[in-house]
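A.B. asks: The structure's right below; bear with me while I get my questions together.
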Amino acid sequence: MAEKTDIVKGTSLWKDAWRRLLKNKLATFGMCVMALMTLLVVFGPMVLSWMFGITPSAVPEDAALLKSLPPSGTNIMGTDELGRDLFARVLQGGRISLMVGVISTIVSLVVGVSYGAISGYLGGRIDNVMMRIVDIFYAIPYILIVIVLLEVFKGENTPSIITSLSEAFGGSGPLNQIFLLFFALGLVSWLTMARVVRGQVLSLKNQEFVLAAKATGVSTLGIIFKHIVPNTLGPVIVYATLTIPSVMLTEAFLSYLGMGVQAPYASWGSLAADGIKNIAIFPWQLIFPGVTMALTLFSLNFMGDGLRDALDPQTRKF
């Protein structure tokens, strides 16, 4: 009788990376926190409005007498100086902060991946010129570029595509500012992404599968975006995860300067900026938005570090 042999099932890079990611306790903690935070900011305001009649912009009739109330059973994070529920405003602010981080990162991905892939694949003088352009932008403080873009394109100079988007969502001036943030932050966050992708493309463009695609008559753009770019997804995903907290911090800084999200909307940055004004009298106005934002940023960084270790074939810590 033939002896039974154990069949070892193969595994893909992504399955192996997922297994190692789950063994990283900090990365798992970050994923759980981000999953919970996403559920809260997406569905929390609707649940509060439906069950308790609490909305982020609701001002009580006796607000002039109550002013800011400390945390209690009715308002678990207290209220702001206008009597608005701070928990509802933190959830609304989280929705906008995460949107700014995610959408701006998507913009930077589209621009940076396309730019870096084309530069790395074409090489030669074209690559040299394209990378010198990146160096020029690197020489200018990126926050200055964002401020200039926000100032140039505000008001009547707002691009029509941004105006159309805000009108589609039922907004006008303040919502235009949010979409301008998406646009401005995305356009300055792509530089490092372009360099990361370019380095990956330089190491891949002479591989056998690229030569085979050339031999079968695939176009240059087809080779770049159908064959090479998918093989750079590991580093791209890792860097995108680390870009989101960086963009959120930039938005918070702009809100502190008064150039970020405008009333009646709020972000964690604008809430923290408002809380700083009253920190000596009403500290909870700063503590809760600040702690919530810090926890989210730590979680995103833990996820990014965990993904980097899990997708690196040279890493065997887990």
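Chain labels run A, B, ... following the order of the structure tokens; each chain numbers its residues from 1, and ligands are numbered from 1 in the order shown.
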Do you know which residues are at most 10 Å from Ile228 of chain A counting only C-alpha atoms, after dropping those on the same chain fewer than 6 positions away, and could you put them as a ChimeraX atom specification?
C.D. replies: /A:117,121,197,200-202,204-205,207,209-210,221-222
A.B. asks: Within 9 Å of Leu91 of chain A, counting only C-alpha atoms, which residues show up once you throw out same-chain ones fewer than 2 positions away? Write them as a list of chain:residue names, please.
C.D. replies: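 Everything that qualifies: A:Met37, A:Leu40, A:Val41, A:Val42, A:Gly44, A:Pro45, A:Pro56, A:Leu86, A:Phe87, A:Ala88, A:Arg89, A:Gly93, A:Gly94, A:Arg95, A:Ile96, A:Ser267, A:Trp268.
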A.B. asks: Please produce an output containing C-alpha atoms for each residue in the selection, written as a compact mmCIF listing (two decimals), in the first residue's frame.
C.D. replies:
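Below is the file that was written, out38.txt:
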```
# COMPACT_ATOMS: atom_id res chain seq x y z
CA MET A 37 -13.51 54.87 14.55
CA LEU A 40 -18.49 55.79 14.78
CA VAL A 41 -17.85 58.71 12.44
CA VAL A 42 -19.96 57.26 9.61
CA GLY A 44 -22.60 57.85 14.94
CA PRO A 45 -24.14 61.23 13.97
CA PRO A 56 -23.65 68.70 15.83
CA LEU A 86 -19.13 67.98 21.81
CA PHE A 87 -19.45 64.24 21.19
CA ALA A 88 -21.62 64.88 18.12
CA ARG A 89 -19.19 67.51 16.90
CA GLY A 93 -15.16 66.36 12.78
CA GLY A 94 -13.80 62.83 12.49
CA ARG A 95 -15.87 62.27 9.37
CA ILE A 96 -14.37 65.33 7.69
CA SER A 267 -12.76 68.87 11.80
CA TRP A 268 -10.66 67.57 14.65
```
A.B. asks: Counting only C-alpha atoms, which of A:Leu307, A:Val188, A:Leu180, A:Val236 gets nearest to Ile140 of chain A?
C.D. replies: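 Using only C-alpha atoms, Ile140 of chain A sits closest to A:Val188.
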A.B. asks: I need the residue nearest Met303 of chain A from this list: A:Pro245, A:Pro141, A:Gly83, A:Gly217. Use only C-alpha atoms for the distance.
C.D. replies: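 Under the stated criterion, the closest residue is A:Pro245.
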A.B. asks: Given only C-alpha atoms as the basis, pick out the residue of A:Ile106, A:Leu191, A:Ile244, A:Ala35 nearest to Arg132 of chain A.
C.D. replies: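 Between A:Ile106, A:Leu191, A:Ile244, A:Ala35, the residue approaching Arg132 of chain A most closely is A:Leu191.
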A.B. asks: What gap, in Å, lies between atom CA of Val107 of chain A and atom CA of Gly186 of chain A?
C.D. replies: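 Computing the Euclidean distance for atom CA of Val107 of chain A and atom CA of Gly186 of chain A yields 4.9 Å.
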A.B. asks: Write down as a PyMOL selection string the residues belonging to segment 136-284 of chain A that are assigned helix (DSSP H, G or I) by DSSP computed on the backbone.
C.D. replies: chain A and resi 136-139+142-152+155-157+160-168+173-188+190-204+208-215+220-256+268-277+284
